[in-house]
>>> print(open('entry_7.txt').read())   # compact mmCIF, C-alpha atoms
# COMPACT_ATOMS: atom_id res chain seq x y z
CA MET B 153 50.67 -33.47 85.71
CA LYS B 154 51.34 -33.67 82.01
CA GLN B 155 50.93 -37.08 80.41
CA LYS B 156 52.46 -38.53 77.29
CA ILE B 157 49.89 -39.86 74.81
CA GLY B 158 50.15 -41.73 71.54
CA THR B 159 47.49 -41.33 68.86
CA LEU B 160 46.95 -41.13 65.10
CA ILE B 161 46.12 -37.89 63.30
CA GLU B 162 45.60 -37.27 59.58
CA GLU B 163 48.82 -36.11 57.91
CA ASP B 164 47.43 -32.88 56.46
CA ILE B 165 45.88 -31.87 59.81
CA MET B 166 49.20 -32.55 61.49
CA ARG B 167 50.99 -30.40 58.90
CA LEU B 168 48.58 -27.52 59.50
CA ALA B 169 48.96 -27.87 63.25
CA LYS B 170 52.75 -27.87 63.05
CA ARG B 171 52.73 -24.82 60.79
CA ARG B 172 50.41 -22.94 63.14
CA ALA B 173 52.55 -23.86 66.18
CA ALA B 174 55.64 -22.58 64.35
CA GLU B 175 53.88 -19.34 63.39
CA GLU B 176 52.83 -18.77 66.98
CA GLY B 177 56.24 -19.79 68.30
CA ARG B 178 55.00 -22.44 70.72
CA PRO B 179 55.23 -26.20 71.09
CA LEU B 180 52.88 -28.42 69.11
CA SER B 181 51.71 -30.08 72.33
CA ASP B 182 50.65 -26.67 73.61
CA LEU B 183 48.60 -26.03 70.49
CA ILE B 184 46.92 -29.46 70.62
CA GLN B 185 46.09 -28.99 74.29
CA ASP B 186 44.58 -25.60 73.52
CA ALA B 187 42.41 -27.07 70.79
CA LEU B 188 41.20 -29.79 73.17
CA VAL B 189 40.40 -27.28 75.90
CA GLN B 190 38.39 -25.23 73.39
CA TYR B 191 36.50 -28.36 72.34
CA LEU B 192 35.85 -29.59 75.87
CA SER B 193 34.98 -26.17 77.35
CA PRO B 194 33.79 -23.91 74.54
CA GLY B 195 33.73 -20.77 76.73
CA ALA B 196 37.40 -21.02 77.66
CA ALA B 197 39.72 -18.20 76.64
CA SER B 198 42.02 -18.71 73.66
CA ALA B 199 45.81 -18.64 73.97
CA LYS B 200 45.85 -15.11 72.58
CA GLU B 201 43.19 -13.92 75.05
CA ARG B 202 45.12 -15.46 77.94
CA GLU B 203 48.31 -13.80 76.79
CA MET B 204 46.57 -10.41 76.57
CA ALA B 205 45.08 -10.93 80.03
CA TYR B 206 48.55 -11.61 81.41
CA HIS B 207 49.85 -8.38 79.88
CA LEU B 208 46.96 -6.35 81.28
CA PHE B 209 47.52 -7.79 84.73
CA CYS B 210 51.31 -7.78 85.00
CA GLU B 211 52.49 -5.10 82.64
CA ARG B 212 50.14 -2.20 83.33
CA PRO B 213 50.50 -1.75 87.09
CA PHE B 214 48.54 0.76 89.12
CA LYS B 215 50.75 3.82 89.46
CA LEU B 216 51.23 3.95 93.21
CA THR B 217 53.96 5.49 95.31
CA PRO B 218 56.03 3.03 97.39
CA GLU B 219 54.13 4.15 100.47
CA GLN B 220 50.75 3.65 98.80
CA PHE B 221 51.77 0.13 97.75
CA ARG B 222 52.85 -0.69 101.30
CA ASP B 223 49.51 0.60 102.61
CA LEU B 224 47.73 -1.52 100.03
CA LEU B 225 49.51 -4.66 101.24
CA GLU B 226 48.43 -3.88 104.78
CA GLU B 227 44.94 -2.61 103.95
CA ASP B 228 42.33 -4.60 105.85
CA PRO B 229 39.15 -5.02 103.77
CA TRP B 230 37.09 -5.24 106.94
CA ASP B 231 38.45 -2.01 108.38
CA LEU B 232 35.87 0.65 107.63
CA MET Q 287 60.84 -23.35 98.54
CA ASN Q 288 60.31 -20.46 96.16
CA LEU Q 289 57.73 -20.17 93.39
CA ASP Q 290 60.07 -21.39 90.65
CA ASP Q 291 60.32 -24.71 92.54
CA ILE Q 292 56.67 -25.60 91.97
CA PRO Q 293 56.59 -28.73 89.77
CA ALA Q 294 54.83 -28.58 86.40
CA GLY Q 295 51.22 -29.70 86.49
CA SER Q 296 50.73 -28.74 90.16
CA LEU Q 297 47.41 -27.45 91.43
CA CYS Q 298 48.21 -24.17 93.19
CA VAL Q 299 46.01 -22.20 95.55
CA ILE Q 300 47.24 -18.62 95.57
CA ASP Q 301 47.00 -15.96 98.26
CA THR Q 302 46.20 -12.28 97.66
CA ASN Q 303 49.66 -10.93 98.53
CA VAL Q 304 51.36 -12.91 95.73
CA LEU Q 305 48.98 -11.39 93.18
CA LEU Q 306 49.62 -7.89 94.53
CA TYR Q 307 53.37 -8.39 94.10
CA ALA Q 308 52.86 -9.80 90.59
CA GLU Q 309 50.70 -6.86 89.55
CA HIS Q 310 53.05 -4.28 91.02
CA GLY Q 311 56.20 -5.89 89.60
CA GLY Q 312 57.49 -6.54 93.11
CA SER Q 313 58.30 -10.19 92.43
CA LEU Q 314 59.43 -11.72 89.16
CA GLN Q 315 58.74 -15.17 90.63
CA ALA Q 316 55.10 -14.16 91.17
CA GLN Q 317 54.90 -12.95 87.57
CA ARG Q 318 56.47 -16.16 86.29
CA LEU Q 319 53.92 -18.13 88.31
CA LEU Q 320 51.09 -16.34 86.50
CA ARG Q 321 52.86 -16.83 83.19
CA ARG Q 322 53.04 -20.59 83.84
CA ILE Q 323 49.32 -20.64 84.66
CA GLU Q 324 48.57 -18.67 81.51
CA ARG Q 325 50.53 -21.27 79.51
CA ARG Q 326 48.78 -24.12 81.38
CA ASP Q 327 51.99 -25.44 82.86
CA LEU Q 328 50.32 -25.04 86.28
CA LEU Q 329 46.73 -25.02 87.45
CA GLY Q 330 45.87 -21.98 89.54
CA VAL Q 331 42.87 -21.49 91.79
CA LEU Q 332 41.84 -18.55 93.95
CA PRO Q 333 39.50 -19.17 96.87
CA GLN Q 334 36.50 -16.84 97.06
CA PRO Q 335 38.02 -14.68 99.87
CA VAL Q 336 41.06 -14.02 97.67
CA TRP Q 337 38.93 -12.83 94.74
CA GLN Q 338 37.03 -10.54 97.11
CA GLU Q 339 40.08 -9.18 98.92
CA LEU Q 340 41.94 -8.55 95.67
CA SER Q 341 38.93 -6.78 94.13
CA HIS Q 342 38.73 -4.57 97.19
CA LYS Q 343 42.44 -3.74 97.20
CA PHE Q 344 42.53 -3.02 93.48
CA MET Q 345 39.51 -0.76 93.83
CA MET Q 346 41.37 1.15 96.55
CA ALA Q 347 44.49 1.28 94.35
CA GLU Q 348 42.64 2.70 91.37
CA ALA Q 349 40.84 5.30 93.51
CA GLN Q 350 44.14 6.30 95.08
CA MET Q 351 45.92 6.45 91.72
CA LEU Q 352 43.24 8.80 90.37
CA GLY Q 353 43.40 11.00 93.46
CA HIS Q 354 39.94 10.17 94.82
CA THR Q 355 41.35 9.13 98.20
CA SER Q 356 44.41 10.09 100.20
CA GLY Q 357 45.80 9.30 103.60
CA GLY Q 358 44.37 6.74 106.00
CA ASN Q 359 41.32 4.55 105.65
CA PRO Q 360 40.68 4.80 101.90
CA ALA Q 361 37.78 2.33 102.18
CA ARG Q 362 35.83 4.67 104.44
CA GLN Q 363 36.55 7.60 102.11
CA LEU Q 364 35.42 5.64 99.08
CA ALA Q 365 32.30 4.25 100.77
CA SER Q 366 30.97 7.80 100.93
CA LYS Q 367 31.58 8.37 97.19
CA PRO Q 368 29.40 5.87 95.28
CA GLU Q 369 29.56 8.05 92.16
CA VAL Q 370 33.33 7.63 92.12
CA VAL Q 371 33.07 3.87 92.63
CA LYS Q 372 30.72 3.61 89.65
CA ARG Q 373 33.29 5.26 87.40
CA LEU Q 374 36.22 3.04 88.38
CA SER Q 375 36.87 0.32 85.84
CA LEU Q 376 40.53 -0.70 85.64
CA TYR Q 377 40.31 -2.76 88.84
CA ARG Q 378 37.43 -4.77 87.36
CA ASP Q 379 39.34 -5.33 84.11
CA LYS Q 380 42.32 -6.60 86.08
CA ILE Q 381 40.21 -9.02 88.12
CA LYS Q 382 38.53 -10.31 84.96
CA ALA Q 383 41.97 -10.65 83.36
CA LEU Q 384 42.98 -13.06 86.11
CA ALA Q 385 39.99 -15.25 85.30
CA THR Q 386 40.75 -15.03 81.57
CA LEU Q 387 44.37 -16.02 81.99
CA GLY Q 388 43.20 -19.20 83.66
CA LEU Q 389 42.74 -18.76 87.40
CA GLY Q 390 39.81 -20.73 88.77
CA PHE Q 391 37.21 -19.48 91.25
CA GLU Q 392 36.59 -21.74 94.23
CA PRO Q 393 33.63 -20.78 96.44
CA CYS Q 394 33.70 -21.20 100.20
CA THR Q 395 31.31 -23.92 101.40
CA LYS Q 396 29.63 -24.11 104.79
CA ALA Q 397 31.92 -27.01 105.74
CA ASP Q 398 35.02 -25.05 104.69
CA LEU Q 399 34.20 -22.41 107.29
CA MET Q 400 32.38 -24.25 110.02
CA ASP Q 401 34.32 -27.48 110.08
CA LYS Q 402 37.77 -27.13 108.57
CA ALA Q 403 38.55 -23.41 109.01
CA PHE Q 404 37.44 -23.38 112.65
CA GLU Q 405 39.52 -26.51 113.31
CA LEU Q 406 42.56 -24.82 111.68
CA GLN Q 407 41.99 -21.73 113.79
CA GLU Q 408 42.04 -23.84 116.94
CA ARG Q 409 45.17 -25.66 115.82
CA TYR Q 410 47.23 -22.80 114.40
CA GLY Q 411 45.59 -19.58 115.59
CA PHE Q 412 44.91 -18.34 112.06
CA LEU Q 413 42.56 -15.43 111.41
CA THR Q 414 39.36 -16.19 109.50
CA ASN Q 415 40.38 -15.41 105.92
CA ASP Q 416 43.69 -17.28 106.23
CA SER Q 417 41.99 -20.34 107.72
CA VAL Q 418 39.32 -20.37 104.98
CA ILE Q 419 41.98 -20.14 102.27
CA LEU Q 420 43.84 -23.07 103.82
CA ALA Q 421 40.59 -25.05 104.33
CA ILE Q 422 39.70 -24.64 100.65
CA ALA Q 423 43.22 -25.63 99.57
CA LEU Q 424 42.98 -28.79 101.68
CA ARG Q 425 39.52 -29.66 100.33
CA LEU Q 426 40.85 -29.33 96.78
CA ASP Q 427 43.83 -31.49 97.75
CA ALA Q 428 46.04 -28.79 96.21
CA ASP Q 429 49.72 -29.53 95.63
CA ALA Q 430 50.82 -26.05 96.64
CA LEU Q 431 49.68 -23.14 98.74
CA VAL Q 432 51.39 -20.02 97.39
CA SER Q 433 51.69 -17.13 99.80
CA ALA Q 434 54.15 -14.48 100.90
CA ASP Q 435 52.62 -14.71 104.36
CA THR Q 436 55.09 -16.49 106.64
CA ARG Q 437 52.26 -17.48 109.00
CA PHE Q 438 51.32 -20.31 106.64
CA GLN Q 439 54.78 -21.86 107.03
CA VAL Q 440 53.72 -23.49 110.34
CA THR Q 441 51.22 -25.76 108.61
CA LYS Q 442 52.25 -29.33 107.88
CA ASP Q 443 49.05 -30.11 105.96
CA ILE Q 444 50.18 -28.74 102.59
CA ARG Q 445 53.36 -27.68 100.82
CA VAL Q 446 53.75 -23.91 101.12
CA TYR Q 447 55.71 -21.91 98.53
CA ALA Q 448 56.75 -18.29 99.13
CA PRO Q 449 58.39 -15.83 96.74
CA SER Q 450 62.02 -15.28 97.71
CA ASP Q 451 62.57 -12.20 95.53
CA LEU Q 452 60.16 -9.67 97.02
CA ARG Q 453 61.15 -6.11 96.26
CA LEU Q 454 59.29 -3.83 98.62
CA PRO Q 455 59.41 -0.28 97.33
CA SER Q 456 61.87 1.81 99.33
>>> encode(input="entry_7.txt", output="structure tokens")
Amino acid sequence: MKQKIGTLIEEDIMRLAKRRAAEEGRPLSDLIQDALVQYLSPGAASAKEREMAYHLFCERPFKLTPEQFRDLLEEDPWDL
Amino acid sequence: MNLDDIPAGSLCVIDTNVLLYAEHGGSLQAQRLLRRIERRDLLGVLPQPVWQELSHKFMMAEAQMLGHTSGGNPARQLASKPEVVKRLSLYRDKIKALATLGLGFEPCTKADLMDKAFELQERYGFLTNDSVILAIALRLDADALVSADTRFQVTKDIRVYAPSDLRLPS
């Protein structure tokens, strides 16, 4: 669950963060969370990488006929 | 309850069929679910059997799309063509994309199978993969099990969400 926090941040850092959030068209909280995730788990994907991954997965589907898709849903991986 | 009803911040364990519908564009709810995970509005985890099953199905899909298999039992056809398997790559990119967009990988432990999954099989009559997926979801204390499979609806152990906008190709 998301939690509300209160903290103090240097004014110029806050200005930069707000500007970046505006440029990327997303909420400031989202940007701060992203920065924290990067700090806490350095290998984690950036927001841009996650966005690109979403596009690859959802917007470039395998070109299957309706029948092939239905077979795929029913395909049993253990059926050789 | 459909997938748009899942509260923000929930930990969701997702079944293979939902990901197939999301990939194929057969459910906008399934795509929105992945979008929410990508934006960290939800936490998504796939149990090990789901990663394996999805990899297998996507491999079959890519082989079929490229004309390397046709008709029944594509797995058997592909098993006899290791050179073809080596050249397939889109299915791997798609599986890696799921990990990149934020889906976690939860391995199956000995206790998941031998204690919990077997108990669930006795109680509900689930097949092995389904019972392992549910056992892992219960161990993680997940808020939601997301599946298009109506068999999971009998369980009272966890909240089950199913897409209500499935568009099977006609």
>>> closest_atom_pairs(input="entry_7.txt", of="chain Q", to="chain B", cutoff="8 Å", atoms="all atoms listed in the file", output="Markdown table")
| residue | atom | partner | partner_atom | distance |
| --- | --- | --- | --- | --- |
| Q:Ala294 | CA | B:Met153 | CA | 6.5 |
| Q:Gly295 | CA | B:Met153 | CA | 3.9 |
| Q:Ser296 | CA | B:Met153 | CA | 6.5 |
| Q:Asn303 | CA | B:Leu225 | CA | 6.8 |
| Q:Leu306 | CA | B:Leu225 | CA | 7.4 |
| Q:Ala308 | CA | B:Cys210 | CA | 6.1 |
| Q:Glu309 | CA | B:Cys210 | CA | 4.7 |
| Q:His310 | CA | B:Pro213 | CA | 5.3 |
| Q:Gly311 | CA | B:Cys210 | CA | 7.0 |
| Q:Gln317 | CA | B:Cys210 | CA | 6.8 |
| Q:Leu320 | CA | B:Tyr206 | CA | 7.4 |
| Q:Arg321 | CA | B:Tyr206 | CA | 7.0 |
| Q:Glu324 | CA | B:Arg202 | CA | 5.9 |
| Q:Arg325 | CA | B:Ala199 | CA | 7.7 |
| Q:Glu339 | CA | B:Pro229 | CA | 6.5 |
| Q:His342 | CA | B:Pro229 | CA | 6.6 |
| Q:Lys343 | CA | B:Leu224 | CA | 6.4 |
| Q:Met346 | CA | B:Leu224 | CA | 7.7 |
| Q:Ala347 | CA | B:Phe214 | CA | 6.6 |
| Q:Glu348 | CA | B:Phe214 | CA | 6.6 |
| Q:Gln350 | CA | B:Leu216 | CA | 7.7 |
| Q:Met351 | CA | B:Lys215 | CA | 5.9 |
| Q:Asn359 | CA | B:Leu232 | CA | 7.0 |
| Q:Ala361 | CA | B:Leu232 | CA | 6.0 |
| Q:Arg362 | CA | B:Leu232 | CA | 5.1 |
| Q:Lys380 | CA | B:Phe209 | CA | 5.5 |
| Q:Ala383 | CA | B:Ala205 | CA | 4.6 |
| Q:Leu384 | CA | B:Ala205 | CA | 6.8 |
| Q:Thr386 | CA | B:Arg202 | CA | 5.7 |
| Q:Leu387 | CA | B:Arg202 | CA | 4.2 |
| Q:Gly388 | CA | B:Arg202 | CA | 7.1 |
| Q:Leu454 | CA | B:Arg222 | CA | 7.6 |
| Q:Pro455 | CA | B:Pro218 | CA | 4.7 |
| Q:Ser456 | CA | B:Pro218 | CA | 6.3 |
>>> write_last_selection(input="entry_7.txt", atoms="C-alpha atoms", output="compact mmCIF listing (two decimals), keeping the file's coordinate frame")
# COMPACT_ATOMS: atom_id res chain seq x y z
CA ALA Q 294 54.83 -28.58 86.40
CA GLY Q 295 51.22 -29.70 86.49
CA SER Q 296 50.73 -28.74 90.16
CA ASN Q 303 49.66 -10.93 98.53
CA LEU Q 306 49.62 -7.89 94.53
CA ALA Q 308 52.86 -9.80 90.59
CA GLU Q 309 50.70 -6.86 89.55
CA HIS Q 310 53.05 -4.28 91.02
CA GLY Q 311 56.20 -5.89 89.60
CA GLN Q 317 54.90 -12.95 87.57
CA LEU Q 320 51.09 -16.34 86.50
CA ARG Q 321 52.86 -16.83 83.19
CA GLU Q 324 48.57 -18.67 81.51
CA ARG Q 325 50.53 -21.27 79.51
CA GLU Q 339 40.08 -9.18 98.92
CA HIS Q 342 38.73 -4.57 97.19
CA LYS Q 343 42.44 -3.74 97.20
CA MET Q 346 41.37 1.15 96.55
CA ALA Q 347 44.49 1.28 94.35
CA GLU Q 348 42.64 2.70 91.37
CA GLN Q 350 44.14 6.30 95.08
CA MET Q 351 45.92 6.45 91.72
CA ASN Q 359 41.32 4.55 105.65
CA ALA Q 361 37.78 2.33 102.18
CA ARG Q 362 35.83 4.67 104.44
CA LYS Q 380 42.32 -6.60 86.08
CA ALA Q 383 41.97 -10.65 83.36
CA LEU Q 384 42.98 -13.06 86.11
CA THR Q 386 40.75 -15.03 81.57
CA LEU Q 387 44.37 -16.02 81.99
CA GLY Q 388 43.20 -19.20 83.66
CA LEU Q 454 59.29 -3.83 98.62
CA PRO Q 455 59.41 -0.28 97.33
CA SER Q 456 61.87 1.81 99.33
>>> closest_residue(input="entry_7.txt", among="Q:Asp401, Q:Glu392, Q:Asp451, Q:Asp435", to="Ile422 (chain Q)", atoms="only C-alpha atoms")
Q:Glu392
>>> closest_atom_pairs(input="entry_7.txt", of="region 369-430 of chain Q", to="region 440-443 of chain Q", cutoff="12 Å", atoms="only C-alpha atoms", output="CSV")
residue,atom,partner,partner_atom,distance
Q:Lys402,CA,Q:Asp443,CA,12.0
Q:Leu406,CA,Q:Thr441,CA,9.2
Q:Gln407,CA,Q:Thr441,CA,11.3
Q:Arg409,CA,Q:Thr441,CA,9.4
Q:Tyr410,CA,Q:Thr441,CA,7.6
Q:Gly411,CA,Q:Val440,CA,10.4
Q:Phe412,CA,Q:Thr441,CA,10.3
Q:Asp416,CA,Q:Thr441,CA,11.6
Q:Ser417,CA,Q:Thr441,CA,10.7
Q:Leu420,CA,Q:Asp443,CA,9.0
Q:Ala421,CA,Q:Asp443,CA,10.0
Q:Ala423,CA,Q:Asp443,CA,9.7
Q:Leu424,CA,Q:Asp443,CA,7.5
Q:Arg425,CA,Q:Asp443,CA,11.1
Q:Asp427,CA,Q:Asp443,CA,9.8
Q:Ala428,CA,Q:Asp443,CA,10.3
Q:Asp429,CA,Q:Asp443,CA,10.4
Q:Ala430,CA,Q:Asp443,CA,10.3
>>> residues_around(input="entry_7.txt", residues="region 397-400 of chain Q", least_positions_apart="3", cutoff="6 Å", atoms="all atoms listed in the file", output="ChimeraX atom specification")
/Q:403-404,418,421
>>> axis_aligned_box(input="entry_7.txt", around="region 167-176 of chain B", padding_each_side="4 Å", output="AutoDock Vina command-line options")
--center_x 52.1 --center_y -24.6 --center_z 62.9 --size_x 15.1 --size_y 19.6 --size_z 16.1
>>> atom_distance(input="entry_7.txt", atom1="CA of Gln190 (chain B)", atom2="CA of Ala169 (chain B)")
14.9 Å
>>> atom_distance(input="entry_7.txt", atom1="CA of Asn288 (chain Q)", atom2="CA of Val446 (chain Q)")
8.9 Å
>>> atom_distance(input="entry_7.txt", atom1="CA of Met287 (chain Q)", atom2="CA of Leu340 (chain Q)")
24.2 Å
>>> decode(input="entry_7.txt", residues="region 424-437 of chain Q", atoms="N, CA and C atoms", output="tab-separated table (two decimals), in the first residue's frame")
chain	number	residue	atom	x	y	z
Q	424	LEU	N	-0.33	-18.30	-1.39
Q	424	LEU	CA	-0.68	-18.32	0.04
Q	424	LEU	C	0.57	-18.10	0.90
Q	425	ARG	N	1.68	-18.71	0.50
Q	425	ARG	CA	2.92	-18.50	1.27
Q	425	ARG	C	3.33	-17.03	1.27
Q	426	LEU	N	3.14	-16.38	0.13
Q	426	LEU	CA	3.51	-14.96	0.02
Q	426	LEU	C	2.49	-14.05	0.71
Q	427	ASP	N	1.38	-14.65	1.13
Q	427	ASP	CA	0.28	-13.88	1.71
Q	427	ASP	C	-0.18	-12.80	0.72
Q	428	ALA	N	-0.31	-13.20	-0.53
Q	428	ALA	CA	-0.70	-12.26	-1.60
Q	428	ALA	C	-2.11	-11.73	-1.36
Q	429	ASP	N	-2.34	-10.52	-1.83
Q	429	ASP	CA	-3.68	-9.92	-1.70
Q	429	ASP	C	-4.61	-10.41	-2.80
Q	430	ALA	N	-4.02	-10.83	-3.92
Q	430	ALA	CA	-4.86	-11.19	-5.06
Q	430	ALA	C	-4.24	-12.33	-5.85
Q	431	LEU	N	-5.08	-13.26	-6.26
Q	431	LEU	CA	-4.67	-14.25	-7.25
Q	431	LEU	C	-5.41	-13.88	-8.53
Q	432	VAL	N	-4.66	-13.64	-9.60
Q	432	VAL	CA	-5.26	-13.14	-10.83
Q	432	VAL	C	-5.23	-14.24	-11.88
Q	433	SER	N	-6.41	-14.71	-12.26
Q	433	SER	CA	-6.48	-15.81	-13.21
Q	433	SER	C	-7.78	-15.78	-13.97
Q	434	ALA	N	-7.72	-16.20	-15.23
Q	434	ALA	CA	-8.95	-16.33	-16.02
Q	434	ALA	C	-9.55	-17.71	-15.83
Q	435	ASP	N	-8.88	-18.53	-15.06
Q	435	ASP	CA	-9.31	-19.91	-14.84
Q	435	ASP	C	-10.38	-19.94	-13.75
Q	436	THR	N	-11.59	-20.32	-14.12
Q	436	THR	CA	-12.71	-20.28	-13.16
Q	436	THR	C	-12.54	-21.31	-12.04
Q	437	ARG	N	-11.65	-22.29	-12.25
Q	437	ARG	CA	-11.46	-23.32	-11.21
Q	437	ARG	C	-10.98	-22.71	-9.89
